[in-house]
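Enquirer: mmCIF, N, CA and C atoms, file structure_20.cif:
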```
data_input
#
loop_
_atom_site.group_PDB
_atom_site.id
_atom_site.type_symbol
_atom_site.label_atom_id
_atom_site.label_comp_id
_atom_site.auth_asym_id
_atom_site.auth_seq_id
_atom_site.Cartn_x
_atom_site.Cartn_y
_atom_site.Cartn_z
ATOM 1 N N MET A 863 69.526 -32.651 247.094
ATOM 2 C CA MET A 863 70.150 -33.638 247.962
ATOM 3 C C MET A 863 69.183 -33.972 249.107
ATOM 4 N N GLU A 864 69.157 -35.225 249.480
ATOM 5 C CA GLU A 864 68.316 -35.646 250.592
ATOM 6 C C GLU A 864 69.164 -35.706 251.861
ATOM 7 N N TYR A 865 69.138 -34.614 252.610
ATOM 8 C CA TYR A 865 69.934 -34.534 253.833
ATOM 9 C C TYR A 865 69.444 -35.519 254.883
ATOM 10 N N SER A 866 68.173 -35.876 254.837
ATOM 11 C CA SER A 866 67.617 -36.799 255.829
ATOM 12 C C SER A 866 68.170 -38.209 255.686
ATOM 13 N N LYS A 867 68.868 -38.485 254.592
ATOM 14 C CA LYS A 867 69.497 -39.791 254.395
ATOM 15 C C LYS A 867 71.009 -39.740 254.604
ATOM 16 N N SER A 868 71.535 -38.558 254.918
ATOM 17 C CA SER A 868 72.981 -38.377 255.109
ATOM 18 C C SER A 868 73.354 -38.589 256.571
ATOM 19 N N GLU A 869 74.228 -39.559 256.806
ATOM 20 C CA GLU A 869 74.659 -39.856 258.170
ATOM 21 C C GLU A 869 75.564 -38.760 258.729
ATOM 22 N N THR A 870 76.198 -37.991 257.856
ATOM 23 C CA THR A 870 77.070 -36.909 258.295
ATOM 24 C C THR A 870 76.831 -35.684 257.417
ATOM 25 N N ILE A 871 77.211 -34.551 257.942
ATOM 26 C CA ILE A 871 77.132 -33.302 257.191
ATOM 27 C C ILE A 871 78.272 -32.415 257.687
ATOM 28 N N GLU A 872 78.834 -31.644 256.779
ATOM 29 C CA GLU A 872 79.949 -30.800 257.208
ATOM 30 C C GLU A 872 79.433 -29.585 257.969
ATOM 31 N N ALA A 873 80.236 -29.106 258.877
ATOM 32 C CA ALA A 873 79.893 -27.916 259.656
ATOM 33 C C ALA A 873 80.041 -26.676 258.786
ATOM 34 N N GLY A 874 79.261 -25.658 259.089
ATOM 35 C CA GLY A 874 79.405 -24.373 258.420
ATOM 36 C C GLY A 874 78.514 -24.153 257.211
ATOM 37 N N MET A 875 77.650 -25.111 256.888
ATOM 38 C CA MET A 875 76.725 -24.922 255.768
ATOM 39 C C MET A 875 75.542 -24.089 256.246
ATOM 40 N N ARG A 876 75.135 -23.100 255.448
ATOM 41 C CA ARG A 876 74.029 -22.214 255.852
ATOM 42 C C ARG A 876 72.758 -22.541 255.080
ATOM 43 N N PHE A 877 71.644 -22.432 255.810
ATOM 44 C CA PHE A 877 70.335 -22.711 255.256
ATOM 45 C C PHE A 877 69.348 -21.665 255.745
ATOM 46 N N LYS A 878 68.275 -21.494 254.979
ATOM 47 C CA LYS A 878 67.155 -20.659 255.400
ATOM 48 C C LYS A 878 65.978 -21.599 255.601
ATOM 49 N N THR A 879 65.422 -21.613 256.804
ATOM 50 C CA THR A 879 64.314 -22.507 257.116
ATOM 51 C C THR A 879 63.014 -21.959 256.539
ATOM 52 N N LYS A 880 61.970 -22.777 256.555
ATOM 53 C CA LYS A 880 60.661 -22.350 256.060
ATOM 54 C C LYS A 880 60.163 -21.093 256.766
ATOM 55 N N SER A 881 60.529 -20.934 258.025
ATOM 56 C CA SER A 881 60.082 -19.768 258.790
ATOM 57 C C SER A 881 60.990 -18.554 258.593
ATOM 58 N N GLY A 882 62.013 -18.708 257.749
ATOM 59 C CA GLY A 882 62.882 -17.587 257.425
ATOM 60 C C GLY A 882 64.098 -17.430 258.322
ATOM 61 N N ILE A 883 64.350 -18.375 259.195
ATOM 62 C CA ILE A 883 65.497 -18.310 260.101
ATOM 63 C C ILE A 883 66.752 -18.756 259.347
ATOM 64 N N ILE A 884 67.842 -18.011 259.515
ATOM 65 C CA ILE A 884 69.125 -18.392 258.918
ATOM 66 C C ILE A 884 69.870 -19.233 259.946
ATOM 67 N N VAL A 885 70.224 -20.453 259.544
ATOM 68 C CA VAL A 885 70.914 -21.381 260.438
ATOM 69 C C VAL A 885 72.189 -21.895 259.777
ATOM 70 N N GLU A 886 73.090 -22.411 260.615
ATOM 71 C CA GLU A 886 74.354 -22.973 260.127
ATOM 72 C C GLU A 886 74.552 -24.333 260.777
ATOM 73 N N THR A 887 74.989 -25.308 259.996
ATOM 74 C CA THR A 887 75.197 -26.652 260.529
ATOM 75 C C THR A 887 76.403 -26.680 261.459
ATOM 76 N N THR A 888 76.324 -27.549 262.476
ATOM 77 C CA THR A 888 77.427 -27.704 263.431
ATOM 78 C C THR A 888 78.255 -28.956 263.150
ATOM 79 N N GLY A 889 77.730 -29.829 262.296
ATOM 80 C CA GLY A 889 78.426 -31.076 262.002
ATOM 81 C C GLY A 889 77.951 -32.250 262.834
ATOM 82 N N ILE A 890 77.000 -32.021 263.729
ATOM 83 C CA ILE A 890 76.462 -33.084 264.587
ATOM 84 C C ILE A 890 75.169 -33.613 263.974
ATOM 85 N N THR A 891 75.040 -34.942 263.930
ATOM 86 C CA THR A 891 73.871 -35.589 263.328
ATOM 87 C C THR A 891 73.267 -36.577 264.309
ATOM 88 N N MET A 892 71.943 -36.720 264.265
ATOM 89 C CA MET A 892 71.239 -37.683 265.103
ATOM 90 C C MET A 892 70.299 -38.502 264.221
ATOM 91 N N ASN A 893 70.253 -39.802 264.474
ATOM 92 C CA ASN A 893 69.361 -40.704 263.749
ATOM 93 C C ASN A 893 68.049 -40.811 264.516
ATOM 94 N N VAL A 894 66.944 -40.523 263.847
ATOM 95 C CA VAL A 894 65.615 -40.694 264.442
ATOM 96 C C VAL A 894 65.109 -42.048 263.958
ATOM 97 N N GLU A 895 65.282 -43.056 264.801
ATOM 98 C CA GLU A 895 64.992 -44.432 264.400
ATOM 99 C C GLU A 895 63.523 -44.659 264.051
ATOM 100 N N SER A 896 62.619 -43.992 264.742
ATOM 101 C CA SER A 896 61.188 -44.233 264.505
ATOM 102 C C SER A 896 60.754 -43.809 263.107
ATOM 103 N N THR A 897 61.461 -42.860 262.513
ATOM 104 C CA THR A 897 61.110 -42.390 261.167
ATOM 105 C C THR A 897 62.189 -42.725 260.139
ATOM 106 N N GLU A 898 63.279 -43.309 260.618
ATOM 107 C CA GLU A 898 64.405 -43.703 259.760
ATOM 108 C C GLU A 898 64.974 -42.540 258.954
ATOM 109 N N VAL A 899 65.144 -41.393 259.615
ATOM 110 C CA VAL A 899 65.775 -40.227 258.986
ATOM 111 C C VAL A 899 66.866 -39.687 259.894
ATOM 112 N N PHE A 900 67.759 -38.914 259.313
ATOM 113 C CA PHE A 900 68.792 -38.230 260.070
ATOM 114 C C PHE A 900 68.423 -36.763 260.159
ATOM 115 N N VAL A 901 68.601 -36.180 261.330
ATOM 116 C CA VAL A 901 68.420 -34.743 261.520
ATOM 117 C C VAL A 901 69.776 -34.177 261.926
ATOM 118 N N HIS A 902 69.998 -32.932 261.587
ATOM 119 C CA HIS A 902 71.309 -32.330 261.792
ATOM 120 C C HIS A 902 71.191 -31.123 262.712
ATOM 121 N N GLU A 903 72.160 -31.005 263.618
ATOM 122 C CA GLU A 903 72.143 -29.881 264.540
ATOM 123 C C GLU A 903 72.507 -28.604 263.787
ATOM 124 N N VAL A 904 71.733 -27.550 264.045
ATOM 125 C CA VAL A 904 71.994 -26.244 263.444
ATOM 126 C C VAL A 904 72.008 -25.190 264.541
ATOM 127 N N GLU A 905 72.683 -24.089 264.242
ATOM 128 C CA GLU A 905 72.729 -22.949 265.154
ATOM 129 C C GLU A 905 72.147 -21.742 264.444
ATOM 130 N N ILE A 906 71.278 -21.017 265.119
ATOM 131 C CA ILE A 906 70.706 -19.802 264.542
ATOM 132 C C ILE A 906 71.809 -18.748 264.490
ATOM 133 N N VAL A 907 72.029 -18.174 263.305
ATOM 134 C CA VAL A 907 73.138 -17.237 263.144
ATOM 135 C C VAL A 907 72.704 -15.783 263.019
ATOM 136 N N GLU A 908 71.404 -15.536 262.841
ATOM 137 C CA GLU A 908 70.921 -14.159 262.711
ATOM 138 C C GLU A 908 69.569 -14.013 263.381
ATOM 139 N N GLY A 909 69.351 -12.866 264.014
ATOM 140 C CA GLY A 909 68.037 -12.534 264.533
ATOM 141 C C GLY A 909 67.715 -13.128 265.887
ATOM 142 N N ILE A 910 66.403 -13.173 266.177
ATOM 143 C CA ILE A 910 65.922 -13.678 267.466
ATOM 144 C C ILE A 910 66.351 -15.127 267.636
ATOM 145 N N GLY A 911 66.890 -15.434 268.798
ATOM 146 C CA GLY A 911 67.340 -16.792 269.077
ATOM 147 C C GLY A 911 68.767 -17.056 268.648
ATOM 148 N N GLN A 912 69.472 -16.016 268.227
ATOM 149 C CA GLN A 912 70.853 -16.193 267.754
ATOM 150 C C GLN A 912 71.649 -16.992 268.775
ATOM 151 N N SER A 913 72.424 -17.934 268.298
ATOM 152 C CA SER A 913 73.290 -18.844 269.065
ATOM 153 C C SER A 913 72.547 -20.056 269.612
ATOM 154 N N ASN A 914 71.213 -20.078 269.542
ATOM 155 C CA ASN A 914 70.475 -21.272 269.971
ATOM 156 C C ASN A 914 70.714 -22.393 268.972
ATOM 157 N N ARG A 915 70.737 -23.614 269.480
ATOM 158 C CA ARG A 915 70.955 -24.791 268.630
ATOM 159 C C ARG A 915 69.767 -25.730 268.749
ATOM 160 N N TYR A 916 69.479 -26.408 267.638
ATOM 161 C CA TYR A 916 68.416 -27.407 267.636
ATOM 162 C C TYR A 916 68.637 -28.350 266.460
ATOM 163 N N TYR A 917 67.922 -29.487 266.451
ATOM 164 C CA TYR A 917 68.015 -30.447 265.356
ATOM 165 C C TYR A 917 66.954 -30.119 264.319
ATOM 166 N N HIS A 918 67.335 -30.242 263.047
ATOM 167 C CA HIS A 918 66.433 -29.841 261.972
ATOM 168 C C HIS A 918 66.545 -30.828 260.812
ATOM 169 N N ASN A 919 65.430 -31.126 260.181
ATOM 170 C CA ASN A 919 65.432 -31.919 258.951
ATOM 171 C C ASN A 919 65.729 -30.941 257.813
ATOM 172 N N LEU A 920 66.934 -30.939 257.327
ATOM 173 C CA LEU A 920 67.366 -29.951 256.346
ATOM 174 C C LEU A 920 66.706 -30.111 254.984
ATOM 175 N N ASP A 921 65.973 -31.192 254.762
ATOM 176 C CA ASP A 921 65.248 -31.341 253.508
ATOM 177 C C ASP A 921 64.159 -30.277 253.369
ATOM 178 N N THR A 922 63.761 -29.686 254.491
ATOM 179 C CA THR A 922 62.719 -28.657 254.446
ATOM 180 C C THR A 922 63.290 -27.245 254.402
ATOM 181 N N ALA A 923 64.617 -27.108 254.339
ATOM 182 C CA ALA A 923 65.268 -25.790 254.295
ATOM 183 C C ALA A 923 65.961 -25.605 252.959
ATOM 184 N N LYS A 924 66.283 -24.340 252.632
ATOM 185 C CA LYS A 924 66.971 -24.037 251.381
ATOM 186 C C LYS A 924 68.421 -23.644 251.654
ATOM 187 N N PRO A 925 69.370 -24.256 250.946
ATOM 188 C CA PRO A 925 70.777 -23.854 251.116
ATOM 189 C C PRO A 925 70.974 -22.414 250.635
ATOM 190 N N ILE A 926 71.819 -21.676 251.334
ATOM 191 C CA ILE A 926 72.129 -20.313 250.882
ATOM 192 C C ILE A 926 73.634 -20.127 250.804
#
```
Please lay out the structure from this file as structure tokens.
Expert:
Amino acid sequence: MEYSKSETIEAGMRFKTKSGIIVETTGITMNVESTEVFVHEVEIVEGIGQSNRYYHNLDTAKPI
């Protein structure tokens, strides 16, 4: 699935990023107009940085 083309995403989906961080979607999405992609807010759920939130292009992460 191409998450970067999805205007919405459900909250609670878990992914493992390229750097090995486990994150969970919050359901918030932002359109990056300069690149014409959508990024989705995620929260770190395990390890260093737990509870921190940031926007991520989920096409580069693996669903778990």
Enquirer: When you count only C-alpha atoms, which of these residues is closest to Ile926 in chain A: A:Ile871, A:Ile890, A:Ile883, A:Val899?
Expert: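 Result for the nearest residue to Ile926 in chain A: A:Ile883.
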Enquirer: I need the residue nearest Gly874 in chain A from this list: A:Asn919, A:Gly911, A:Thr897, A:Ile906. Use only C-alpha atoms for the distance.
Expert: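 So, comparing all the options, the nearest one is A:Ile906.
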Enquirer: Could you tell me how far atom C of Gly909 in chain A lies from atom C of Lys867 in chain A, in Å and to one decimal?
Expert: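 Distance between the two atoms: 29.1 Å.
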Enquirer: Could you check how far atom C of Glu872 in chain A sits from atom C of Glu908 in chain A, in Å to one decimal?
Expert: 19.2 Å
Enquirer: Rounded to one decimal in Å, what is the spacing between atom N of Glu905 in chain A and atom C of Thr888 in chain A?
Expert: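 Atom N of Glu905 in chain A sits 7.5 Å away from atom C of Thr888 in chain A.
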Enquirer: Got a sec to resolve the PyMOL selection byres ((chain A and resi 903) around 5) on this structure and send the residues as a PyMOL selection string?
Expert: chain A and resi 887-888+890-891+901-902+904-905+916-918
Enquirer: For the residues selected in the previous step, produce a file with N, CA and C atoms as an mmCIF file, in the coordinates of the input.
Expert:
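In the end it all went to selection_34.cif:
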```cif
data_model
loop_
_atom_site.group_PDB
_atom_site.id
_atom_site.type_symbol
_atom_site.label_atom_id
_atom_site.label_comp_id
_atom_site.auth_asym_id
_atom_site.auth_seq_id
_atom_site.Cartn_x
_atom_site.Cartn_y
_atom_site.Cartn_z
ATOM 1 N N THR A 887 74.989 -25.308 259.996
ATOM 2 C CA THR A 887 75.197 -26.652 260.529
ATOM 3 C C THR A 887 76.403 -26.680 261.459
ATOM 4 N N THR A 888 76.324 -27.549 262.476
ATOM 5 C CA THR A 888 77.427 -27.704 263.431
ATOM 6 C C THR A 888 78.255 -28.956 263.150
ATOM 7 N N ILE A 890 77.000 -32.021 263.729
ATOM 8 C CA ILE A 890 76.462 -33.084 264.587
ATOM 9 C C ILE A 890 75.169 -33.613 263.974
ATOM 10 N N THR A 891 75.040 -34.942 263.930
ATOM 11 C CA THR A 891 73.871 -35.589 263.328
ATOM 12 C C THR A 891 73.267 -36.577 264.309
ATOM 13 N N VAL A 901 68.601 -36.180 261.330
ATOM 14 C CA VAL A 901 68.420 -34.743 261.520
ATOM 15 C C VAL A 901 69.776 -34.177 261.926
ATOM 16 N N HIS A 902 69.998 -32.932 261.587
ATOM 17 C CA HIS A 902 71.309 -32.330 261.792
ATOM 18 C C HIS A 902 71.191 -31.123 262.712
ATOM 19 N N VAL A 904 71.733 -27.550 264.045
ATOM 20 C CA VAL A 904 71.994 -26.244 263.444
ATOM 21 C C VAL A 904 72.008 -25.190 264.541
ATOM 22 N N GLU A 905 72.683 -24.089 264.242
ATOM 23 C CA GLU A 905 72.729 -22.949 265.154
ATOM 24 C C GLU A 905 72.147 -21.742 264.444
ATOM 25 N N TYR A 916 69.479 -26.408 267.638
ATOM 26 C CA TYR A 916 68.416 -27.407 267.636
ATOM 27 C C TYR A 916 68.637 -28.350 266.460
ATOM 28 N N TYR A 917 67.922 -29.487 266.451
ATOM 29 C CA TYR A 917 68.015 -30.447 265.356
ATOM 30 C C TYR A 917 66.954 -30.119 264.319
ATOM 31 N N HIS A 918 67.335 -30.242 263.047
ATOM 32 C CA HIS A 918 66.433 -29.841 261.972
ATOM 33 C C HIS A 918 66.545 -30.828 260.812
#
```
Enquirer: Where does DSSP see strand (DSSP E) in chain A, if you list the residues as a PDB file with N, CA and C atoms, in the coordinates of the input?
Expert:
```pdb
ATOM      1  N   ARG A 876      75.135 -23.100 255.448  1.00  0.00           N
ATOM      2  CA  ARG A 876      74.029 -22.214 255.852  1.00  0.00           C
ATOM      3  C   ARG A 876      72.758 -22.541 255.080  1.00  0.00           C
ATOM      4  N   PHE A 877      71.644 -22.432 255.810  1.00  0.00           N
ATOM      5  CA  PHE A 877      70.335 -22.711 255.256  1.00  0.00           C
ATOM      6  C   PHE A 877      69.348 -21.665 255.745  1.00  0.00           C
ATOM      7  N   LYS A 878      68.275 -21.494 254.979  1.00  0.00           N
ATOM      8  CA  LYS A 878      67.155 -20.659 255.400  1.00  0.00           C
ATOM      9  C   LYS A 878      65.978 -21.599 255.601  1.00  0.00           C
ATOM     10  N   ILE A 884      67.842 -18.011 259.515  1.00  0.00           N
ATOM     11  CA  ILE A 884      69.125 -18.392 258.918  1.00  0.00           C
ATOM     12  C   ILE A 884      69.870 -19.233 259.946  1.00  0.00           C
ATOM     13  N   VAL A 885      70.224 -20.453 259.544  1.00  0.00           N
ATOM     14  CA  VAL A 885      70.914 -21.381 260.438  1.00  0.00           C
ATOM     15  C   VAL A 885      72.189 -21.895 259.777  1.00  0.00           C
ATOM     16  N   GLU A 886      73.090 -22.411 260.615  1.00  0.00           N
ATOM     17  CA  GLU A 886      74.354 -22.973 260.127  1.00  0.00           C
ATOM     18  C   GLU A 886      74.552 -24.333 260.777  1.00  0.00           C
ATOM     19  N   THR A 887      74.989 -25.308 259.996  1.00  0.00           N
ATOM     20  CA  THR A 887      75.197 -26.652 260.529  1.00  0.00           C
ATOM     21  C   THR A 887      76.403 -26.680 261.459  1.00  0.00           C
ATOM     22  N   THR A 888      76.324 -27.549 262.476  1.00  0.00           N
ATOM     23  CA  THR A 888      77.427 -27.704 263.431  1.00  0.00           C
ATOM     24  C   THR A 888      78.255 -28.956 263.150  1.00  0.00           C
ATOM     25  N   GLY A 889      77.730 -29.829 262.296  1.00  0.00           N
ATOM     26  CA  GLY A 889      78.426 -31.076 262.002  1.00  0.00           C
ATOM     27  C   GLY A 889      77.951 -32.250 262.834  1.00  0.00           C
ATOM     28  N   ILE A 890      77.000 -32.021 263.729  1.00  0.00           N
ATOM     29  CA  ILE A 890      76.462 -33.084 264.587  1.00  0.00           C
ATOM     30  C   ILE A 890      75.169 -33.613 263.974  1.00  0.00           C
ATOM     31  N   THR A 891      75.040 -34.942 263.930  1.00  0.00           N
ATOM     32  CA  THR A 891      73.871 -35.589 263.328  1.00  0.00           C
ATOM     33  C   THR A 891      73.267 -36.577 264.309  1.00  0.00           C
ATOM     34  N   MET A 892      71.943 -36.720 264.265  1.00  0.00           N
ATOM     35  CA  MET A 892      71.239 -37.683 265.103  1.00  0.00           C
ATOM     36  C   MET A 892      70.299 -38.502 264.221  1.00  0.00           C
ATOM     37  N   ASN A 893      70.253 -39.802 264.474  1.00  0.00           N
ATOM     38  CA  ASN A 893      69.361 -40.704 263.749  1.00  0.00           C
ATOM     39  C   ASN A 893      68.049 -40.811 264.516  1.00  0.00           C
ATOM     40  N   VAL A 894      66.944 -40.523 263.847  1.00  0.00           N
ATOM     41  CA  VAL A 894      65.615 -40.694 264.442  1.00  0.00           C
ATOM     42  C   VAL A 894      65.109 -42.048 263.958  1.00  0.00           C
ATOM     43  N   VAL A 899      65.144 -41.393 259.615  1.00  0.00           N
ATOM     44  CA  VAL A 899      65.775 -40.227 258.986  1.00  0.00           C
ATOM     45  C   VAL A 899      66.866 -39.687 259.894  1.00  0.00           C
ATOM     46  N   PHE A 900      67.759 -38.914 259.313  1.00  0.00           N
ATOM     47  CA  PHE A 900      68.792 -38.230 260.070  1.00  0.00           C
ATOM     48  C   PHE A 900      68.423 -36.763 260.159  1.00  0.00           C
ATOM     49  N   VAL A 901      68.601 -36.180 261.330  1.00  0.00           N
ATOM     50  CA  VAL A 901      68.420 -34.743 261.520  1.00  0.00           C
ATOM     51  C   VAL A 901      69.776 -34.177 261.926  1.00  0.00           C
ATOM     52  N   HIS A 902      69.998 -32.932 261.587  1.00  0.00           N
ATOM     53  CA  HIS A 902      71.309 -32.330 261.792  1.00  0.00           C
ATOM     54  C   HIS A 902      71.191 -31.123 262.712  1.00  0.00           C
ATOM     55  N   GLU A 903      72.160 -31.005 263.618  1.00  0.00           N
ATOM     56  CA  GLU A 903      72.143 -29.881 264.540  1.00  0.00           C
ATOM     57  C   GLU A 903      72.507 -28.604 263.787  1.00  0.00           C
ATOM     58  N   VAL A 904      71.733 -27.550 264.045  1.00  0.00           N
ATOM     59  CA  VAL A 904      71.994 -26.244 263.444  1.00  0.00           C
ATOM     60  C   VAL A 904      72.008 -25.190 264.541  1.00  0.00           C
ATOM     61  N   GLU A 905      72.683 -24.089 264.242  1.00  0.00           N
ATOM     62  CA  GLU A 905      72.729 -22.949 265.154  1.00  0.00           C
ATOM     63  C   GLU A 905      72.147 -21.742 264.444  1.00  0.00           C
ATOM     64  N   ILE A 906      71.278 -21.017 265.119  1.00  0.00           N
ATOM     65  CA  ILE A 906      70.706 -19.802 264.542  1.00  0.00           C
ATOM     66  C   ILE A 906      71.809 -18.748 264.490  1.00  0.00           C
ATOM     67  N   ARG A 915      70.737 -23.614 269.480  1.00  0.00           N
ATOM     68  CA  ARG A 915      70.955 -24.791 268.630  1.00  0.00           C
ATOM     69  C   ARG A 915      69.767 -25.730 268.749  1.00  0.00           C
ATOM     70  N   TYR A 916      69.479 -26.408 267.638  1.00  0.00           N
ATOM     71  CA  TYR A 916      68.416 -27.407 267.636  1.00  0.00           C
ATOM     72  C   TYR A 916      68.637 -28.350 266.460  1.00  0.00           C
ATOM     73  N   TYR A 917      67.922 -29.487 266.451  1.00  0.00           N
ATOM     74  CA  TYR A 917      68.015 -30.447 265.356  1.00  0.00           C
ATOM     75  C   TYR A 917      66.954 -30.119 264.319  1.00  0.00           C
ATOM     76  N   HIS A 918      67.335 -30.242 263.047  1.00  0.00           N
ATOM     77  CA  HIS A 918      66.433 -29.841 261.972  1.00  0.00           C
ATOM     78  C   HIS A 918      66.545 -30.828 260.812  1.00  0.00           C
ATOM     79  N   LYS A 924      66.283 -24.340 252.632  1.00  0.00           N
ATOM     80  CA  LYS A 924      66.971 -24.037 251.381  1.00  0.00           C
ATOM     81  C   LYS A 924      68.421 -23.644 251.654  1.00  0.00           C
ATOM     82  N   PRO A 925      69.370 -24.256 250.946  1.00  0.00           N
ATOM     83  CA  PRO A 925      70.777 -23.854 251.116  1.00  0.00           C
ATOM     84  C   PRO A 925      70.974 -22.414 250.635  1.00  0.00           C
TER      85      PRO A 925
END
```
